[in-house]
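> Quick one, coords-v9.txt (compact mmCIF, C-alpha atoms and all ligand atoms):
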```txt
# COMPACT_ATOMS: atom_id res chain seq x y z
CA MET A 225 0.00 0.00 0.00
CA LYS A 226 1.22 3.55 -0.77
CA ILE A 227 0.86 5.97 2.12
CA ALA A 228 1.61 9.70 2.18
CA MET A 229 2.41 10.61 5.80
CA ILE A 230 2.29 14.24 6.90
CA ILE A 231 3.71 15.60 10.13
CA PRO A 232 3.74 19.27 11.16
CA PRO A 233 7.02 20.88 10.05
CA PHE A 234 8.94 22.39 12.98
CA ARG A 235 12.37 23.98 13.14
CA TYR A 236 14.96 22.28 15.36
CA GLY A 237 15.54 24.56 18.38
CA ALA A 238 19.28 23.87 18.72
CA ASP A 239 19.89 24.64 15.02
CA PRO A 240 16.99 26.49 13.37
CA SER A 241 18.56 26.02 9.92
CA GLN A 242 17.33 22.39 10.19
CA TRP A 243 13.80 20.99 10.30
CA ILE A 244 13.07 18.47 13.05
CA THR A 245 13.63 15.18 11.27
CA VAL A 246 12.10 11.70 11.53
CA PRO A 247 13.46 10.36 13.85
CA PRO A 248 14.12 13.66 15.65
CA GLN A 249 17.52 15.07 16.58
CA GLY A 250 16.22 15.65 20.15
CA TYR A 251 12.75 16.39 21.58
CA GLY A 252 9.95 15.29 19.24
CA GLY A 253 7.08 12.98 20.15
CA ILE A 254 5.23 13.08 16.79
CA GLN A 255 8.52 12.55 14.96
CA TRP A 256 9.25 9.41 17.01
CA VAL A 257 5.73 8.12 16.40
CA ALA A 258 6.16 8.65 12.65
CA ALA A 259 9.60 6.99 12.66
CA THR A 260 8.44 3.83 14.41
CA LEU A 261 5.18 3.59 12.49
CA ILE A 262 7.12 3.94 9.23
CA ASP A 263 9.47 1.15 10.46
CA GLY A 264 6.43 -1.12 10.83
CA LEU A 265 4.81 -0.11 7.53
CA LEU A 266 8.03 -0.63 5.56
CA GLU A 267 8.52 -4.06 7.18
CA THR A 268 5.05 -5.06 5.97
CA GLY A 269 5.93 -3.98 2.41
CA CYS A 270 4.29 -0.54 2.24
CA GLU A 271 5.71 2.41 0.34
CA VAL A 272 5.75 5.71 2.25
CA LEU A 273 6.11 9.36 1.23
CA LEU A 274 7.04 11.47 4.27
CA LEU A 275 6.06 15.16 4.27
CA GLY A 276 6.86 17.80 6.90
CA ALA A 277 10.34 16.60 7.85
CA PRO A 278 12.85 17.60 5.15
CA GLY A 279 16.33 16.30 5.93
CA SER A 280 15.08 12.99 7.35
CA PRO A 281 17.10 10.00 6.16
CA PRO A 282 15.38 8.21 3.25
CA ARG A 283 15.63 4.42 3.00
CA SER A 284 14.29 1.64 0.82
CA GLY A 285 10.53 2.17 0.51
CA LEU A 286 10.65 5.64 2.11
CA THR A 287 10.82 8.87 0.12
CA VAL A 288 11.34 12.12 2.04
CA SER A 289 9.71 15.15 0.46
CA THR A 290 11.15 18.66 0.71
CA ALA A 291 7.63 20.15 0.42
CA ILE A 292 6.62 22.50 3.25
CA GLU A 293 3.98 24.89 1.86
CA ARG A 294 0.47 23.55 1.40
CA ASP A 295 0.49 23.83 -2.40
CA GLU A 296 3.89 22.08 -2.59
CA ILE A 297 2.52 19.33 -0.36
CA ARG A 298 -0.49 18.91 -2.65
CA THR A 299 1.76 18.62 -5.71
CA ALA A 300 4.02 16.08 -3.96
CA ILE A 301 1.04 13.94 -2.92
CA ASP A 302 -0.47 14.13 -6.40
CA SER A 303 2.69 12.88 -8.05
CA PHE A 304 3.12 10.09 -5.45
CA GLY A 305 -0.48 8.86 -5.91
CA PRO A 306 -1.11 7.28 -2.49
CA ALA A 307 -3.93 4.92 -1.52
CA VAL A 308 -4.32 6.99 1.63
CA VAL A 309 -2.95 10.14 3.24
CA HIS A 310 -2.10 9.80 6.94
CA ASP A 311 -2.12 13.22 8.57
CA HIS A 312 -0.47 13.90 11.96
CA SER A 313 -0.70 17.70 11.66
CA ASN A 314 -4.32 18.25 12.77
CA LEU A 315 -4.92 19.28 9.14
CA ALA A 316 -2.51 22.24 9.54
CA ALA A 317 -0.15 21.02 6.82
CA LEU A 318 -2.73 19.23 4.71
CA PRO A 319 -4.84 20.70 1.92
CA LEU A 320 -8.07 18.83 2.68
CA ASP A 321 -9.91 18.81 -0.61
CA GLY A 322 -11.35 15.32 -0.68
CA GLN A 323 -9.05 14.19 -3.46
CA TRP A 324 -7.38 11.47 -1.39
CA PRO A 325 -8.79 9.31 1.42
CA VAL A 326 -7.42 10.74 4.68
CA VAL A 327 -6.80 9.22 8.11
CA SER A 328 -5.97 11.81 10.82
CA THR A 329 -4.19 10.86 14.01
CA HIS A 330 -4.92 13.36 16.75
CA HIS A 331 -1.85 14.07 18.89
CA LEU A 332 -3.17 16.96 20.94
CA ASN A 333 -5.66 17.69 23.70
CA GLY A 334 -9.26 18.69 23.04
CA VAL A 335 -11.24 18.71 19.83
CA PRO A 336 -9.37 18.23 16.53
CA ALA A 337 -9.81 20.49 13.50
CA SER A 338 -11.96 17.77 11.92
CA LEU A 339 -13.44 14.62 13.44
CA GLU A 340 -13.59 12.93 10.04
CA ASN A 341 -11.64 9.66 9.90
CA GLY A 342 -9.91 10.44 13.17
CA VAL A 343 -7.68 8.05 15.05
CA TYR A 344 -6.99 8.66 18.74
CA VAL A 345 -3.99 7.57 20.76
CA SER A 346 -5.96 6.87 23.95
CA ALA A 347 -9.54 6.46 25.10
CA ALA A 348 -9.12 9.52 27.36
CA GLN A 349 -8.11 11.64 24.38
CA ARG A 350 -10.97 10.31 22.21
CA LEU A 351 -13.49 11.12 24.93
CA LYS A 352 -12.27 14.74 25.15
CA ALA A 353 -12.44 15.03 21.36
CA GLY A 354 -16.12 14.11 21.47
CA SER A 355 -15.85 10.88 19.52
CA GLU A 356 -17.21 7.54 20.75
CA THR A 357 -16.46 5.12 17.96
CA ALA A 358 -13.31 6.25 16.14
CA PRO A 359 -10.39 3.82 16.48
CA VAL A 360 -7.93 4.11 19.35
CA ILE A 361 -4.46 3.05 18.21
CA ARG A 362 -1.64 3.30 20.76
CA LEU A 363 1.66 5.02 20.07
CA PRO A 364 4.12 2.51 18.58
CA VAL A 365 7.61 1.66 19.75
CA ASN A 366 10.35 -0.18 17.90
CA PRO A 367 12.51 -2.08 20.41
CA GLU A 368 15.38 -2.04 17.91
CA ARG A 369 15.55 1.72 18.31
CA CYS A 370 15.84 1.34 22.09
CA LEU A 371 18.60 -0.11 24.22
CA PHE A 372 17.47 -2.83 26.64
CA GLN A 373 19.29 -2.65 29.96
CA GLU A 374 18.53 -4.94 32.88
CA GLU A 375 20.99 -3.56 35.45
CA LYS A 376 20.02 -0.02 36.38
CA ASP A 377 21.97 2.92 37.74
CA ASP A 378 21.00 4.94 40.80
CA TYR A 379 18.98 7.74 39.22
CA LEU A 380 15.45 8.59 38.17
CA LEU A 381 14.70 10.25 34.85
CA PHE A 382 12.38 12.96 33.60
CA MET A 383 12.45 13.22 29.80
CA GLY A 384 10.28 15.74 28.00
CA ARG A 385 9.38 19.35 27.81
CA VAL A 386 10.35 20.88 31.18
CA SER A 387 6.93 22.43 31.81
CA ALA A 388 4.32 22.48 34.54
CA HIS A 389 1.81 20.29 32.65
CA LYS A 390 4.47 17.58 32.24
CA GLY A 391 5.05 17.40 35.99
CA ALA A 392 8.81 17.98 35.98
CA TYR A 393 8.58 19.73 39.36
CA GLU A 394 6.54 16.84 40.81
CA ALA A 395 9.24 14.49 39.51
CA ALA A 396 11.77 16.44 41.60
CA VAL A 397 9.46 16.15 44.65
CA PHE A 398 9.23 12.38 44.13
CA ALA A 399 12.97 11.91 43.56
CA HIS A 400 13.76 13.94 46.69
CA ALA A 401 11.36 11.77 48.71
CA ALA A 402 12.88 8.61 47.21
CA ASN A 403 16.36 9.92 48.04
CA LEU A 404 17.53 9.43 44.44
CA PRO A 405 19.01 11.97 42.01
CA LEU A 406 16.74 13.09 39.15
CA LYS A 407 18.22 13.63 35.71
CA VAL A 408 16.04 16.08 33.79
CA ALA A 409 16.35 15.97 29.98
CA GLY A 410 14.41 18.16 27.59
CA PRO A 411 13.94 21.71 26.37
CA ALA A 412 13.13 24.28 29.08
CA TRP A 413 11.05 26.85 27.22
CA GLU A 414 9.75 28.27 30.49
CA PRO A 415 13.08 29.12 32.19
CA GLU A 416 11.48 30.42 35.41
CA TYR A 417 9.87 27.00 35.92
CA LEU A 418 13.23 25.24 35.62
CA ASP A 419 14.87 27.84 37.89
CA ARG A 420 12.28 27.15 40.61
CA MET A 421 12.96 23.40 40.44
CA LEU A 422 16.70 23.95 40.63
CA ALA A 423 16.32 26.40 43.52
CA ASP A 424 13.98 24.13 45.52
CA TYR A 425 15.81 20.84 44.85
CA PRO A 426 19.46 21.77 44.18
CA HIS A 427 20.84 18.46 45.46
CA THR A 428 18.28 16.31 43.61
CA VAL A 429 17.91 17.83 40.13
CA ASP A 430 20.58 17.48 37.47
CA TYR A 431 19.39 19.40 34.37
CA ILE A 432 21.15 18.11 31.27
CA GLY A 433 19.19 19.91 28.54
CA GLU A 434 17.71 18.46 25.37
CA VAL A 435 19.25 15.11 24.42
CA GLY A 436 19.30 12.93 21.31
CA GLY A 437 21.12 10.05 19.66
CA HIS A 438 22.94 7.37 21.60
CA PHE A 439 23.20 9.49 24.76
CA ARG A 440 19.38 9.62 24.88
CA THR A 441 18.87 5.85 24.50
CA GLU A 442 21.55 5.16 27.17
CA LEU A 443 19.98 7.69 29.52
CA ILE A 444 16.56 6.03 29.24
CA ALA A 445 17.95 2.50 29.49
CA HIS A 446 20.06 3.06 32.62
CA ALA A 447 17.41 4.88 34.69
CA LYS A 448 15.83 3.05 37.63
CA ALA A 449 12.47 4.47 36.52
CA ILE A 450 11.08 7.26 34.37
CA LEU A 451 8.71 9.77 35.96
CA VAL A 452 5.67 10.88 33.96
CA LEU A 453 3.76 12.92 36.53
CA SER A 454 1.62 14.98 34.13
CA GLN A 455 -0.64 17.61 35.72
CA THR A 456 -4.01 19.01 34.68
CA SER A 457 -2.90 22.60 35.33
CA GLY A 458 -0.13 24.69 33.81
CA SER A 459 -0.57 23.78 30.17
CA PRO A 460 0.93 26.42 27.87
CA PHE A 461 -1.77 25.44 25.34
CA GLY A 462 -4.59 26.54 27.70
CA GLY A 463 -7.32 24.45 29.30
CA ARG A 464 -6.82 21.41 31.51
CA TRP A 465 -4.04 19.13 30.32
CA ALA A 466 -4.87 15.46 29.85
CA GLU A 467 -1.86 13.48 28.62
CA PRO A 468 -2.91 12.29 25.13
CA GLY A 469 -0.46 9.44 24.39
CA ALA A 470 2.88 9.85 26.23
CA THR A 471 5.56 8.59 23.85
CA VAL A 472 8.09 8.30 26.69
CA VAL A 473 6.08 5.53 28.37
CA SER A 474 6.60 2.95 25.61
CA GLU A 475 10.18 4.09 24.93
CA ALA A 476 11.13 3.60 28.57
CA ALA A 477 9.36 0.24 28.83
CA ALA A 478 11.01 -1.06 25.65
CA SER A 479 14.34 -0.15 27.29
CA GLY A 480 13.43 -2.19 30.39
CA THR A 481 12.77 0.96 32.42
CA PRO A 482 9.55 1.02 34.45
CA VAL A 483 7.28 4.04 34.63
CA ILE A 484 5.97 6.00 37.62
CA ALA A 485 3.04 8.12 36.52
CA SER A 486 0.24 10.36 37.69
CA ASN A 487 -3.43 9.60 37.19
CA ASN A 488 -3.72 11.95 34.19
CA GLY A 489 -5.21 11.46 30.70
CA CYS A 490 -4.01 8.27 29.01
CA LEU A 491 -1.61 7.30 31.80
CA PRO A 492 -3.98 5.05 33.80
CA GLU A 493 -4.76 3.23 30.52
CA ILE A 494 -1.18 2.43 29.59
CA VAL A 495 1.04 2.57 32.66
CA PRO A 496 -0.26 -0.23 34.95
CA SER A 497 1.37 -2.98 32.84
CA VAL A 498 4.75 -1.20 32.80
CA GLY A 499 4.84 0.59 36.13
CA THR A 500 2.69 2.25 38.72
CA ILE A 501 0.23 5.12 39.05
CA LEU A 502 0.78 7.29 42.10
CA PRO A 503 -2.24 8.16 44.21
CA SER A 504 -3.32 11.78 43.59
CA ALA A 505 -3.18 12.50 47.34
CA PRO A 506 -1.70 12.65 49.90
CA LYS A 507 1.59 14.34 49.10
CA ILE A 508 4.54 12.08 48.35
CA THR A 509 6.55 11.08 51.40
CA ALA A 510 9.61 8.88 51.81
CA THR A 511 7.24 6.00 52.68
CA THR A 512 5.00 6.38 49.63
CA ALA A 513 7.99 6.90 47.33
CA LYS A 514 9.63 3.72 48.67
CA ALA A 515 6.37 1.80 48.26
CA ALA A 516 6.10 2.95 44.62
CA MET A 517 9.72 2.01 43.89
CA ASP A 518 9.34 -1.40 45.56
CA ALA A 519 6.21 -2.19 43.50
CA LEU A 520 7.84 -1.64 40.11
CA PRO A 521 7.87 -4.51 37.59
CA THR A 522 11.16 -5.97 36.33
CA ALA A 523 13.02 -4.86 33.21
CA HIS A 524 12.01 -8.03 31.33
CA GLU A 525 8.36 -7.65 32.34
CA VAL A 526 8.12 -4.09 31.05
CA LEU A 527 9.92 -4.92 27.80
CA LYS A 528 7.49 -7.76 27.12
CA ALA A 529 4.45 -5.62 27.97
CA ALA A 530 5.69 -2.85 25.66
CA VAL A 531 6.35 -5.10 22.68
CA ASP A 532 3.13 -7.10 23.14
CA GLN A 533 0.95 -3.99 23.30
CA TRP A 534 2.78 -1.31 21.33
CA GLY A 535 5.33 -3.05 19.11
CA HIS A 536 5.74 -1.25 15.77
CA LEU A 537 4.57 -4.25 13.70
CA LYS A 538 1.37 -4.68 15.71
CA ILE A 539 0.57 -0.97 15.53
CA ALA A 540 1.37 -0.85 11.79
CA GLN A 541 -1.15 -3.68 11.26
CA GLU A 542 -3.79 -1.74 13.19
CA TYR A 543 -3.14 1.30 10.98
CA LEU A 544 -3.28 -0.80 7.81
CA THR A 545 -6.79 -1.93 8.80
CA VAL A 546 -7.82 1.70 9.23
CA TYR A 547 -6.10 2.77 5.98
CA GLU A 548 -8.03 0.05 4.13
CA ARG A 549 -11.31 1.29 5.59
CA ALA A 550 -10.54 4.84 4.42
CA ALA A 551 -9.32 3.65 1.00
CA ARG A 552 -12.64 1.77 0.54
CA GLY A 553 -14.42 5.09 1.02
CA GLU A 554 -15.59 4.50 4.59
CA ARG A 555 -16.11 7.63 6.68
CA TRP A 556 -16.29 7.74 10.47
CA THR A 557 -16.23 10.26 13.27
N1 LIG B 1 12.76 13.64 23.90
C1 LIG B 1 14.06 13.57 23.43
N2 LIG B 1 15.00 14.37 23.99
C2 LIG B 1 14.73 15.20 25.02
C3 LIG B 1 13.41 15.26 25.52
C4 LIG B 1 12.44 14.47 24.94
O1 LIG B 1 14.37 12.79 22.52
O2 LIG B 1 15.64 15.89 25.48
C5 LIG B 1 11.72 12.83 23.25
C6 LIG B 1 11.11 11.75 24.11
O3 LIG B 1 11.94 10.60 24.12
C7 LIG B 1 9.77 11.55 23.41
C8 LIG B 1 9.42 12.96 22.92
O4 LIG B 1 10.64 13.69 22.91
O5 LIG B 1 9.94 10.72 22.27
C9 LIG B 1 8.38 13.64 23.77
O6 LIG B 1 7.15 13.07 23.48
P1 LIG B 1 5.99 12.90 24.58
O7 LIG B 1 4.80 12.31 23.88
O8 LIG B 1 6.52 12.13 25.75
O9 LIG B 1 5.69 14.40 25.07
P2 LIG B 1 4.95 15.62 24.31
O10 LIG B 1 5.02 15.36 22.82
O11 LIG B 1 3.53 15.63 24.83
O12 LIG B 1 5.70 16.84 24.73
```
So that I can check it, write out the structure of this file as structure tokens.

Amino acid sequence: MKIAMIIPPFRYGADPSQWITVPPQGYGGIQWVAATLIDGLLETGCEVLLLGAPGSPPRSGLTVSTAIERDEIRTAIDSFGPAVVHDHSNLAALPLDGQWPVVSTHHLNGVPASLENGVYVSAAQRLKAGSETAPVIRLPVNPERCLFQEEKDDYLLFMGRVSAHKGAYEAAVFAHAANLPLKVAGPAWEPEYLDRMLADYPHTVDYIGEVGGHFRTELIAHAKAILVLSQTSGSPFGGRWAEPGATVVSEAAASGTPVIASNNGCLPEIVPSVGTILPSAPKITATTAKAAMDALPTAHEVLKAAVDQWGHLKIAQEYLTVYERAARGERWT
């Protein structure tokens, strides 16, 4: 099957002369989702045109388009002639003119630009979007892009945007209570938020900035646990934040690293098989932190759970079923 896949084009913060590629140089959830889904689609014999990530490495079966503007994107899709267009840009990069069957994966909070042929990454996200029957397909992970590590080092990890809605500060509170250092990786676009964490937990937090490449995979693989303590408040996008899909959960699990999460958005749907959900109250103490650490599953258990549920081949098959529905002319909301 021929699939044109569109992601929103973003400039790479550390070097704005580059676009964020697939896979990304550093931070980039949608770019990792596209990379691992493309892995699965290519392995099942599909042909993919990738739009919105110029500079990404092409490979057999994958063509990377340089198109960025909507009319260039239209021309590129027309000359590729796909069976289906898979949009990850909330229609921002896609000229929606009904010429090609479209499947749209929603990656954000709230209601998407169009409900037509939507795919959601969690039941919590679908509910907020106002859809009851559209497919829920989990974010994929390719274990070959992760590093499995059974023996762990003595640190906890936060990896993501260093922002209030992502619960980086709460991760510092937990790590302090657990008496473990917290490595914090990711862009800090709200510097006063990072400064507060560093001022309140100077002996716990080690901020290492945005990471990519081999350093990133090692960092995830060696952590005792990853902290995903997303919060409803503090979203820079407005409204109450409900974690839509949480790419870091499957990446950590596929590296043998268990997850400690808050009860937010998709997290109670996906975390219990690869870690633990903290109670919303009372506040974390040394006792509750120890109890959470002691209850974590083993590295082999979380790897198996990740591959069984979110492996790139399984998720690619689920998308192929949806692509076929769209290509047959089916429409759903
Ligand atoms: N990430 C990274 N380097 C960093 C921080 C984050 O590679 O320094 C990656 C992380 O591994 C994940 C993505 O960026 O793949 C963040 O996606 P997630 O869905 O967890 O968060 P969101 O997209 O909601 O910010």
> Produce as a ChimeraX atom specification the set of residues near ligand LIG 1 (chain B), where near means within 7 Å with all atoms listed in the file considered.
/A:248,250-254,256,383-385,409-411,433-436,440,467,469-472,475
> Do you know which residues are at most 9 Å from Ala476 in chain A counting only C-alpha atoms, after dropping those on the same chain fewer than 6 positions away, and could you put them as a CSV table (one decimal) with C-alpha atoms, in the frame of the given file?

```csv
chain,number,residue,atom,x,y,z
A,370,CYS,CA,15.8,1.3,22.1
A,444,ILE,CA,16.6,6.0,29.2
A,445,ALA,CA,18.0,2.5,29.5
A,447,ALA,CA,17.4,4.9,34.7
A,449,ALA,CA,12.5,4.5,36.5
A,450,ILE,CA,11.1,7.3,34.4
A,482,PRO,CA,9.6,1.0,34.4
A,483,VAL,CA,7.3,4.0,34.6
A,526,VAL,CA,8.1,-4.1,31.0
A,527,LEU,CA,9.9,-4.9,27.8
A,530,ALA,CA,5.7,-2.8,25.7
```
> Quick one: residues within 9 Å of Leu453 in chain A, all atoms listed in the file counted, chain neighbours fewer than 2 positions away excluded, as a PyMOL selection string?
chain A and resi 389-395+451+455+484-488+501-502
> What lies within 8 Å of range 274-283 of chain A using only C-alpha atoms, ignoring chain neighbours under 6 positions off, as a PDB file with C-alpha atoms, in the coordinates of the input?

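Listing of part.pdb after writing:
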```pdb
ATOM      1  CA  ALA A 228       1.610   9.700   2.180  1.00  0.00           C
ATOM      2  CA  MET A 229       2.410  10.610   5.800  1.00  0.00           C
ATOM      3  CA  ILE A 230       2.290  14.240   6.900  1.00  0.00           C
ATOM      4  CA  ILE A 231       3.710  15.600  10.130  1.00  0.00           C
ATOM      5  CA  PRO A 232       3.740  19.270  11.160  1.00  0.00           C
ATOM      6  CA  PRO A 233       7.020  20.880  10.050  1.00  0.00           C
ATOM      7  CA  PHE A 234       8.940  22.390  12.980  1.00  0.00           C
ATOM      8  CA  GLN A 242      17.330  22.390  10.190  1.00  0.00           C
ATOM      9  CA  TRP A 243      13.800  20.990  10.300  1.00  0.00           C
ATOM     10  CA  ILE A 244      13.070  18.470  13.050  1.00  0.00           C
ATOM     11  CA  THR A 245      13.630  15.180  11.270  1.00  0.00           C
ATOM     12  CA  VAL A 246      12.100  11.700  11.530  1.00  0.00           C
ATOM     13  CA  PRO A 247      13.460  10.360  13.850  1.00  0.00           C
ATOM     14  CA  SER A 289       9.710  15.150   0.460  1.00  0.00           C
ATOM     15  CA  THR A 290      11.150  18.660   0.710  1.00  0.00           C
ATOM     16  CA  ALA A 291       7.630  20.150   0.420  1.00  0.00           C
ATOM     17  CA  ILE A 292       6.620  22.500   3.250  1.00  0.00           C
ATOM     18  CA  ILE A 297       2.520  19.330  -0.360  1.00  0.00           C
ATOM     19  CA  ALA A 317      -0.150  21.020   6.820  1.00  0.00           C
TER      20      ALA A 317
END
```
> Using only C-alpha atoms, find all polymer residues with an atom at most 12 Å away from the point (-13.3, 2.3, 3.0); report them as a PDB file with C-alpha atoms, keeping the file's coordinate frame.

```
ATOM      1  CA  ALA A 307      -3.930   4.920  -1.520  1.00  0.00           C
ATOM      2  CA  VAL A 308      -4.320   6.990   1.630  1.00  0.00           C
ATOM      3  CA  TRP A 324      -7.380  11.470  -1.390  1.00  0.00           C
ATOM      4  CA  PRO A 325      -8.790   9.310   1.420  1.00  0.00           C
ATOM      5  CA  VAL A 326      -7.420  10.740   4.680  1.00  0.00           C
ATOM      6  CA  VAL A 327      -6.800   9.220   8.110  1.00  0.00           C
ATOM      7  CA  ASN A 341     -11.640   9.660   9.900  1.00  0.00           C
ATOM      8  CA  LEU A 544      -3.280  -0.800   7.810  1.00  0.00           C
ATOM      9  CA  THR A 545      -6.790  -1.930   8.800  1.00  0.00           C
ATOM     10  CA  VAL A 546      -7.820   1.700   9.230  1.00  0.00           C
ATOM     11  CA  TYR A 547      -6.100   2.770   5.980  1.00  0.00           C
ATOM     12  CA  GLU A 548      -8.030   0.050   4.130  1.00  0.00           C
ATOM     13  CA  ARG A 549     -11.310   1.290   5.590  1.00  0.00           C
ATOM     14  CA  ALA A 550     -10.540   4.840   4.420  1.00  0.00           C
ATOM     15  CA  ALA A 551      -9.320   3.650   1.000  1.00  0.00           C
ATOM     16  CA  ARG A 552     -12.640   1.770   0.540  1.00  0.00           C
ATOM     17  CA  GLY A 553     -14.420   5.090   1.020  1.00  0.00           C
ATOM     18  CA  GLU A 554     -15.590   4.500   4.590  1.00  0.00           C
ATOM     19  CA  ARG A 555     -16.110   7.630   6.680  1.00  0.00           C
ATOM     20  CA  TRP A 556     -16.290   7.740  10.470  1.00  0.00           C
TER      21      TRP A 556
END
```
> Where's the centre, and what are the edge lengths in Å to one decimal, of a box along x, y and z enclosing all listed atoms of range 420-435 of chain A padded 5 Å per side, as JSON?

```
{"center_x": 16.7, "center_y": 21.1, "center_z": 35.0, "size_x": 18.9, "size_y": 22.0, "size_z": 31.1}
```
> Using all atoms listed in the file, which of the listed residues (A:Trp413, A:Gly322, A:Leu380, A:Lys352) sits closest to Gly237 in chain A?
A:Trp413
> What is the distance, in Å and to one decimal place, between CA of Thr456 in chain A and CA of Val386 in chain A?
14.9 Å
> Could you tell me which of A:Ala396, A:Leu371, A:Ala477, A:Leu404 comes closest to Leu443 in chain A if we count all atoms listed in the file?
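Result for the nearest residue to Leu443 in chain A: A:Leu371.
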> Skipping near chain neighbours, those fewer than 4 positions away, what residues fall within 12 Å of Gly285 in chain A using only C-alpha atoms, listed as number ranges by chain?
A: 225-228, 262-274, 281
